[in-house]
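For reference, final-v9.json is printed below; it contains JSON, C-alpha atoms.
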```json
[["chain", "number", "residue", "atom", "x", "y", "z"],
["A", 633, "MET", "CA", 112.79, 97.22, 73.24],
["A", 634, "ILE", "CA", 115.00, 99.47, 71.18],
["A", 635, "LYS", "CA", 118.54, 100.68, 71.77],
["A", 636, "ILE", "CA", 118.66, 103.68, 74.10],
["A", 637, "THR", "CA", 121.56, 106.02, 73.42],
["A", 638, "LYS", "CA", 122.69, 108.05, 76.42],
["A", 639, "GLU", "CA", 123.70, 111.58, 75.47],
["A", 640, "GLY", "CA", 126.04, 112.03, 78.41],
["A", 641, "GLU", "CA", 125.49, 112.91, 82.03],
["A", 642, "PRO", "CA", 123.71, 116.27, 82.37],
["A", 643, "ASP", "CA", 125.57, 119.05, 84.21],
["A", 644, "PHE", "CA", 122.90, 119.39, 86.91],
["A", 645, "TRP", "CA", 123.36, 115.71, 87.89],
["A", 646, "THR", "CA", 127.16, 115.94, 87.83],
["A", 647, "ASN", "CA", 127.09, 119.12, 89.92],
["A", 648, "PHE", "CA", 124.68, 117.65, 92.47],
["A", 649, "LYS", "CA", 126.90, 114.58, 92.90],
["A", 650, "ARG", "CA", 130.00, 116.74, 93.23],
["A", 651, "LYS", "CA", 128.36, 118.85, 95.96],
["A", 652, "ASN", "CA", 126.88, 115.80, 97.71],
["A", 653, "PRO", "CA", 129.44, 113.00, 97.29],
["A", 654, "GLU", "CA", 128.07, 110.91, 100.17],
["A", 655, "VAL", "CA", 124.45, 110.93, 99.00],
["A", 656, "ASN", "CA", 123.04, 107.80, 97.39],
["A", 657, "TYR", "CA", 119.82, 107.59, 95.40],
["A", 658, "TYR", "CA", 117.74, 106.48, 98.40],
["A", 659, "GLN", "CA", 118.74, 109.62, 100.27],
["A", 660, "LEU", "CA", 117.50, 112.00, 97.57],
["A", 661, "SER", "CA", 114.06, 112.06, 99.19],
["A", 662, "ASN", "CA", 115.59, 113.44, 102.41],
["A", 663, "SER", "CA", 116.00, 116.98, 101.07],
["A", 664, "GLU", "CA", 114.16, 119.36, 98.80],
["A", 665, "ALA", "CA", 117.28, 119.67, 96.63],
["A", 666, "GLY", "CA", 117.41, 115.88, 96.28],
["A", 667, "ILE", "CA", 113.72, 115.64, 95.40],
["A", 668, "GLN", "CA", 114.09, 118.35, 92.77],
["A", 669, "VAL", "CA", 117.22, 116.88, 91.17],
["A", 670, "ARG", "CA", 115.57, 113.45, 90.98],
["A", 671, "LYS", "CA", 112.54, 115.00, 89.27],
["A", 672, "LYS", "CA", 114.75, 117.00, 86.92],
["A", 673, "LEU", "CA", 116.63, 113.81, 86.05],
["A", 674, "ARG", "CA", 113.39, 112.02, 85.17],
["A", 675, "ASP", "CA", 112.36, 114.89, 82.90],
["A", 676, "TYR", "CA", 115.78, 114.76, 81.22],
["A", 677, "LEU", "CA", 115.59, 110.97, 80.75],
["A", 678, "VAL", "CA", 112.06, 111.08, 79.32],
["A", 679, "LYS", "CA", 113.21, 113.65, 76.76],
["A", 680, "GLU", "CA", 116.46, 111.78, 76.05],
["A", 681, "GLN", "CA", 114.41, 108.65, 75.28],
["A", 682, "TYR", "CA", 112.03, 110.59, 73.05],
["A", 683, "ARG", "CA", 109.11, 109.94, 75.43],
["A", 684, "ILE", "CA", 109.06, 106.14, 75.22],
["A", 685, "CYS", "CA", 109.63, 103.61, 77.99],
["A", 686, "CYS", "CA", 113.09, 102.08, 77.91],
["A", 687, "TYR", "CA", 111.65, 98.54, 78.01],
["A", 688, "CYS", "CA", 108.20, 98.30, 76.40],
["A", 689, "CYS", "CA", 108.34, 101.46, 74.22],
["A", 690, "ARG", "CA", 104.93, 102.76, 75.27],
["A", 691, "ARG", "CA", 104.49, 106.55, 75.54],
["A", 692, "ILE", "CA", 105.69, 108.06, 78.82],
["A", 693, "ASP", "CA", 105.77, 111.52, 80.34],
["A", 694, "MET", "CA", 106.57, 112.97, 83.75],
["A", 695, "ASN", "CA", 103.28, 111.69, 85.22],
["A", 696, "ASN", "CA", 103.49, 108.04, 84.19],
["A", 697, "SER", "CA", 107.18, 107.28, 84.47],
["A", 698, "LEU", "CA", 109.91, 106.71, 87.02],
["A", 699, "ASN", "CA", 113.69, 106.63, 87.20],
["A", 700, "GLU", "CA", 114.66, 103.02, 86.60],
["A", 701, "HIS", "CA", 117.98, 101.52, 87.62],
["A", 702, "VAL", "CA", 118.90, 98.85, 85.08],
["A", 703, "ARG", "CA", 121.15, 97.22, 87.67],
["A", 704, "PRO", "CA", 118.82, 97.38, 90.71],
["A", 705, "LYS", "CA", 119.65, 99.77, 93.53],
["A", 706, "ASP", "CA", 119.42, 97.08, 96.22],
["A", 707, "LEU", "CA", 121.79, 94.74, 94.38],
["A", 708, "TYR", "CA", 124.25, 97.40, 93.21],
["A", 709, "PRO", "CA", 124.23, 100.04, 95.98],
["A", 710, "ASN", "CA", 127.42, 101.71, 94.70],
["A", 711, "GLU", "CA", 125.77, 102.43, 91.34],
["A", 712, "THR", "CA", 122.63, 104.20, 92.51],
["A", 713, "MET", "CA", 123.87, 107.59, 91.30],
["A", 714, "ASP", "CA", 125.52, 106.27, 88.12],
["A", 715, "TYR", "CA", 123.83, 108.15, 85.30],
["A", 716, "ASP", "CA", 124.61, 105.36, 82.83],
["A", 717, "ASN", "CA", 122.57, 102.96, 84.97],
["A", 718, "ILE", "CA", 119.39, 105.09, 85.08],
["A", 719, "LEU", "CA", 116.66, 105.14, 82.42],
["A", 720, "ALA", "CA", 113.02, 106.24, 82.31],
["A", 721, "SER", "CA", 110.51, 103.40, 82.63],
["A", 722, "CYS", "CA", 106.75, 103.02, 82.95],
["A", 723, "SER", "CA", 105.48, 103.84, 86.42],
["A", 724, "LYS", "CA", 104.49, 101.39, 89.12],
["A", 725, "ASP", "CA", 100.83, 101.69, 88.11],
["A", 726, "GLU", "CA", 101.54, 99.62, 84.99],
["A", 727, "LYS", "CA", 102.80, 96.40, 86.68],
["A", 728, "THR", "CA", 105.34, 95.88, 83.90],
["A", 729, "CYS", "CA", 108.84, 97.04, 83.04],
["A", 730, "GLY", "CA", 110.91, 98.55, 85.88],
["A", 731, "PRO", "CA", 108.38, 98.05, 88.68],
["A", 732, "GLN", "CA", 107.83, 94.45, 87.59],
["A", 733, "LYS", "CA", 111.57, 93.73, 87.47],
["A", 734, "ASP", "CA", 112.36, 95.26, 90.87],
["A", 735, "ASN", "CA", 115.31, 93.21, 92.22],
["A", 736, "ASP", "CA", 114.64, 90.11, 90.13],
["A", 737, "TYR", "CA", 117.69, 90.51, 87.93],
["A", 738, "ASP", "CA", 120.42, 88.32, 86.50],
["A", 739, "GLU", "CA", 123.03, 90.51, 84.79],
["A", 740, "LYS", "CA", 124.18, 87.69, 82.48],
["A", 741, "MET", "CA", 120.63, 86.95, 81.28],
["A", 742, "PHE", "CA", 118.95, 90.37, 81.25],
["A", 743, "VAL", "CA", 118.79, 92.23, 77.92],
["A", 744, "SER", "CA", 119.45, 95.90, 78.58],
["A", 745, "PRO", "CA", 118.18, 98.62, 76.24],
["A", 746, "LEU", "CA", 121.67, 100.07, 76.51],
["A", 747, "GLU", "CA", 123.08, 97.10, 74.56],
["A", 748, "GLU", "CA", 123.93, 97.82, 70.96],
["A", 749, "ASP", "CA", 122.00, 94.85, 69.59],
["A", 750, "CYS", "CA", 119.20, 94.51, 72.15],
["A", 751, "GLU", "CA", 116.52, 94.31, 69.43],
["A", 752, "LYS", "CA", 117.86, 91.02, 68.07],
["A", 753, "HIS", "CA", 116.58, 89.16, 71.12],
["A", 754, "PHE", "CA", 112.86, 89.75, 70.37],
["A", 755, "ALA", "CA", 110.25, 89.08, 67.68],
["A", 756, "PHE", "CA", 106.70, 90.44, 67.35],
["A", 757, "PHE", "CA", 103.59, 88.91, 65.79],
["A", 758, "PRO", "CA", 100.36, 90.33, 64.36],
["A", 759, "ASN", "CA", 98.36, 89.28, 67.44],
["A", 760, "GLY", "CA", 100.68, 91.38, 69.64],
["A", 761, "ASP", "CA", 102.72, 88.51, 71.03],
["A", 762, "ILE", "CA", 106.36, 89.11, 71.82],
["A", 763, "VAL", "CA", 108.72, 86.15, 71.90],
["A", 764, "GLY", "CA", 112.33, 85.81, 72.85],
["A", 765, "LEU", "CA", 114.60, 84.73, 70.02],
["A", 766, "THR", "CA", 117.26, 83.87, 72.60],
["A", 767, "ASP", "CA", 117.25, 82.58, 76.16],
["A", 768, "ARG", "CA", 118.13, 86.10, 77.27],
["A", 769, "GLY", "CA", 115.15, 87.47, 75.36],
["A", 770, "GLU", "CA", 112.77, 84.97, 76.99],
["A", 771, "TYR", "CA", 114.19, 85.76, 80.43],
["A", 772, "THR", "CA", 113.80, 89.51, 79.88],
["A", 773, "ILE", "CA", 110.20, 89.22, 78.66],
["A", 774, "LYS", "CA", 109.31, 87.28, 81.80],
["A", 775, "ILE", "CA", 111.16, 89.56, 84.22],
["A", 776, "LEU", "CA", 109.65, 92.74, 82.73],
["A", 777, "GLY", "CA", 106.15, 91.37, 82.13],
["A", 778, "LEU", "CA", 106.38, 92.33, 78.45],
["A", 779, "ASP", "CA", 103.83, 89.62, 77.64],
["A", 780, "SER", "CA", 101.08, 91.36, 79.63],
["A", 781, "TYR", "CA", 97.61, 91.49, 78.10],
["A", 782, "LYS", "CA", 97.61, 95.30, 77.96],
["A", 783, "LEU", "CA", 100.93, 95.44, 76.11],
["A", 784, "LYS", "CA", 99.88, 92.63, 73.80],
["A", 785, "GLN", "CA", 96.70, 94.52, 72.79],
["A", 786, "ALA", "CA", 98.64, 97.73, 72.16],
["A", 787, "ARG", "CA", 101.28, 95.97, 70.06],
["A", 788, "ALA", "CA", 98.60, 94.17, 68.03],
["A", 789, "ALA", "CA", 97.02, 97.54, 67.13],
["A", 790, "VAL", "CA", 100.39, 98.95, 66.06],
["A", 791, "TYR", "CA", 101.24, 95.83, 64.04],
["A", 792, "GLN", "CA", 97.87, 95.97, 62.29],
["A", 793, "ASN", "CA", 98.44, 99.63, 61.46],
["A", 794, "CYS", "CA", 101.82, 98.73, 59.94],
["A", 795, "GLN", "CA", 100.13, 96.26, 57.59],
["A", 796, "TYR", "CA", 98.13, 99.12, 56.05],
["A", 797, "CYS", "CA", 101.09, 101.47, 55.62],
["A", 798, "ASP", "CA", 103.32, 101.87, 52.60],
["A", 799, "GLU", "CA", 107.11, 102.08, 52.85],
["A", 800, "THR", "CA", 107.14, 105.88, 53.00],
["A", 801, "SER", "CA", 104.64, 105.98, 55.87],
["A", 802, "LEU", "CA", 106.50, 103.32, 57.81],
["A", 803, "LYS", "CA", 109.80, 105.16, 57.47],
["A", 804, "TRP", "CA", 108.07, 108.35, 58.66],
["A", 805, "TYR", "CA", 106.94, 106.49, 61.80],
["A", 806, "LEU", "CA", 110.55, 105.56, 62.53],
["A", 807, "GLU", "CA", 111.61, 109.22, 62.73],
["A", 808, "VAL", "CA", 111.45, 111.63, 65.66],
["A", 809, "HIS", "CA", 108.55, 114.12, 65.52],
["A", 810, "ASP", "CA", 108.13, 116.98, 67.99],
["A", 811, "GLY", "CA", 110.74, 115.46, 70.28],
["A", 812, "ALA", "CA", 109.03, 112.07, 70.42],
["A", 813, "LYS", "CA", 109.30, 108.67, 68.82],
["A", 814, "GLU", "CA", 106.23, 106.62, 68.02],
["A", 815, "PRO", "CA", 104.93, 104.42, 70.84],
["A", 816, "PHE", "CA", 105.89, 100.76, 70.31],
["A", 817, "LEU", "CA", 108.62, 101.78, 67.91],
["A", 818, "ASP", "CA", 110.16, 98.35, 68.45],
["A", 819, "VAL", "CA", 107.16, 96.73, 66.76],
["A", 820, "ILE", "CA", 107.33, 99.15, 63.82],
["A", 821, "GLN", "CA", 111.08, 98.61, 63.42],
["A", 822, "TYR", "CA", 110.62, 94.83, 63.57],
["A", 823, "TYR", "CA", 107.86, 95.00, 60.94],
["A", 824, "VAL", "CA", 110.01, 97.13, 58.62],
["A", 825, "ASN", "CA", 113.03, 94.84, 59.04],
["A", 826, "SER", "CA", 110.94, 91.70, 58.50],
["A", 827, "ASN", "CA", 109.42, 93.03, 55.31],
["A", 828, "SER", "CA", 112.69, 94.18, 53.70],
["A", 829, "PHE", "CA", 111.75, 97.85, 53.39]]
```

Please express the file's structure as structure tokens.
Amino acid sequence: MIKITKEGEPDFWTNFKRKNPEVNYYQLSNSEAGIQVRKKLRDYLVKEQYRICCYCCRRIDMNNSLNEHVRPKDLYPNETMDYDNILASCSKDEKTCGPQKDNDYDEKMFVSPLEEDCEKHFAFFPNGDIVGLTDRGEYTIKILGLDSYKLKQARAAVYQNCQYCDETSLKWYLEVHDGAKEPFLDVIQYYVNSNSF
């Protein structure tokens, strides 16, 4: 997980809410305008997050992502249209991240990628393991399924690649290229920080 910086609510979302003040997120699927604005929001979020999942940092696009409510819609019904509560996550096909969390959420324990220091709660190892450095980190790993075999294998490959890179290459990987950040940027950032580059 890395810090996600929201750029501000897009005009199309603000305008839709202004024109439809009684509509909640669940009702978006009841009209073509709602379906289109939800899709447009996902496209905006994917780009805002530089095409990485808000939780596991794997590569996402419009076809393998969904609009994720950090504070779940069922538990916080008045916040379903709150732009600052919506991020782009892996899709339900992955069985991790937003779909894994669903309504299993404790606001005091959950580490949100919107928190300034969210990275400090996690550590990564060469074999791809992720561990919580705090109770909140452990809770979040469990709730999001960040210790899944598939994610572990992907992180191990990235960590191994880091071990063969020099400082210049590693810093290049931390930058945005063609509107995207590197998948598993959290692992790369952790490796750089741990090796005093």

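Closest approach to Thr637 (chain A) among A:Cys750, A:Leu778, A:Ile692, A:Leu783: A:Cys750, based on all atoms listed in the file.
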
Hey, can I get the axis-aligned box for region 765-781 of chain A? All listed atoms, 6 Å padding on each side, centre and edge lengths in Å to one decimal, as JSON.
```
{"center_x": 107.9, "center_y": 87.7, "center_z": 77.1, "size_x": 32.5, "size_y": 22.2, "size_z": 26.2}
```

Surrounding residues of Glu726 (chain A) excluding itself and chain neighbours under 5 positions, 9 Å, only C-alpha atoms, as a ChimeraX atom specification: /A:696,731-732

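Of note, CA of Leu806 (chain A) and CA of Asp693 (chain A) are spaced 19.4 Å apart.
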
Output as JSON lines one row per residue of region 684-798 of chain A within 12 Å of region 647-653 of chain A: the closest atom pair and its distance in Å to one decimal place, counting all atoms listed in the file, sorted by chain and residue number ascending.
```
{"residue": "A:Asn710", "atom": "CA", "partner": "A:Pro653", "partner_atom": "CA", "distance": 11.8}
{"residue": "A:Thr712", "atom": "CA", "partner": "A:Lys649", "partner_atom": "CA", "distance": 11.2}
{"residue": "A:Met713", "atom": "CA", "partner": "A:Lys649", "partner_atom": "CA", "distance": 7.8}
{"residue": "A:Asp714", "atom": "CA", "partner": "A:Lys649", "partner_atom": "CA", "distance": 9.7}
{"residue": "A:Tyr715", "atom": "CA", "partner": "A:Lys649", "partner_atom": "CA", "distance": 10.4}
```

Suppose we keep C-alpha atoms; can you now write the selection as an mmCIF file, in the coordinates of the input?
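Contents of again03.cif, freshly written:
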```
data_model
loop_
_atom_site.group_PDB
_atom_site.id
_atom_site.type_symbol
_atom_site.label_atom_id
_atom_site.label_comp_id
_atom_site.auth_asym_id
_atom_site.auth_seq_id
_atom_site.Cartn_x
_atom_site.Cartn_y
_atom_site.Cartn_z
ATOM 1 C CA ASN A 710 127.420 101.710 94.700
ATOM 2 C CA THR A 712 122.630 104.200 92.510
ATOM 3 C CA MET A 713 123.870 107.590 91.300
ATOM 4 C CA ASP A 714 125.520 106.270 88.120
ATOM 5 C CA TYR A 715 123.830 108.150 85.300
#
```

Which residue of A:Ser697, A:Asn793, A:Gln681, A:Ser723 approaches Ile634 (chain A) most closely, using only C-alpha atoms: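 Closest to Ile634 (chain A), using only C-alpha atoms: A:Gln681.
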
Separation of CA of Leu719 (chain A) from CA of Cys686 (chain A), in Å and rounded to one decimal: 6.5 Å

Residue nearest Asp810 (chain A) - candidates A:Ile667, A:Lys638, A:Tyr676, A:Tyr682, atoms counted: only C-alpha atoms: A:Tyr682

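CA of Asp734 (chain A) to CA of Asn759 (chain A) spans 27.9 Å [interatomic distance, one decimal].
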
Among the residues A:Glu664, A:Leu802, A:Gly730, A:Val808, the one that comes closest to Ile773 (chain A) [using all atoms listed in the file]: A:Gly730

Protein and nucleic acid residues near (113.5, 108.2, 91.0) (cut-off 8 Å, only C-alpha atoms) as a list in words: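 It turns out the residues near that spot are Tyr657, Arg670, Lys671, Arg674, Leu698, Asn699 and Glu700 of chain A.
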
Under the rule of at most 12 Å, produce a per-residue listing of region 723-747 of chain A near region 762-771 of chain A: chain, number, name, the closest pair of atoms, and the distance in Å, as JSON lines, using all atoms listed in the file.
```
{"residue": "A:Lys733", "atom": "CA", "partner": "A:Tyr771", "partner_atom": "CA", "distance": 11.0}
{"residue": "A:Asp736", "atom": "CA", "partner": "A:Tyr771", "partner_atom": "CA", "distance": 10.6}
{"residue": "A:Tyr737", "atom": "CA", "partner": "A:Tyr771", "partner_atom": "CA", "distance": 9.5}
{"residue": "A:Asp738", "atom": "CA", "partner": "A:Tyr771", "partner_atom": "CA", "distance": 9.1}
{"residue": "A:Glu739", "atom": "CA", "partner": "A:Arg768", "partner_atom": "CA", "distance": 10.0}
{"residue": "A:Lys740", "atom": "CA", "partner": "A:Arg768", "partner_atom": "CA", "distance": 8.1}
{"residue": "A:Met741", "atom": "CA", "partner": "A:Arg768", "partner_atom": "CA", "distance": 4.8}
{"residue": "A:Phe742", "atom": "CA", "partner": "A:Arg768", "partner_atom": "CA", "distance": 5.9}
{"residue": "A:Val743", "atom": "CA", "partner": "A:Arg768", "partner_atom": "CA", "distance": 6.2}
{"residue": "A:Ser744", "atom": "CA", "partner": "A:Arg768", "partner_atom": "CA", "distance": 10.0}
{"residue": "A:Pro745", "atom": "CA", "partner": "A:Gly769", "partner_atom": "CA", "distance": 11.6}
```

Distance criterion (only C-alpha atoms): nearest to Arg691 (chain A) out of A:Asn662, A:Gln668, A:Gln785, A:Ser721: A:Ser721
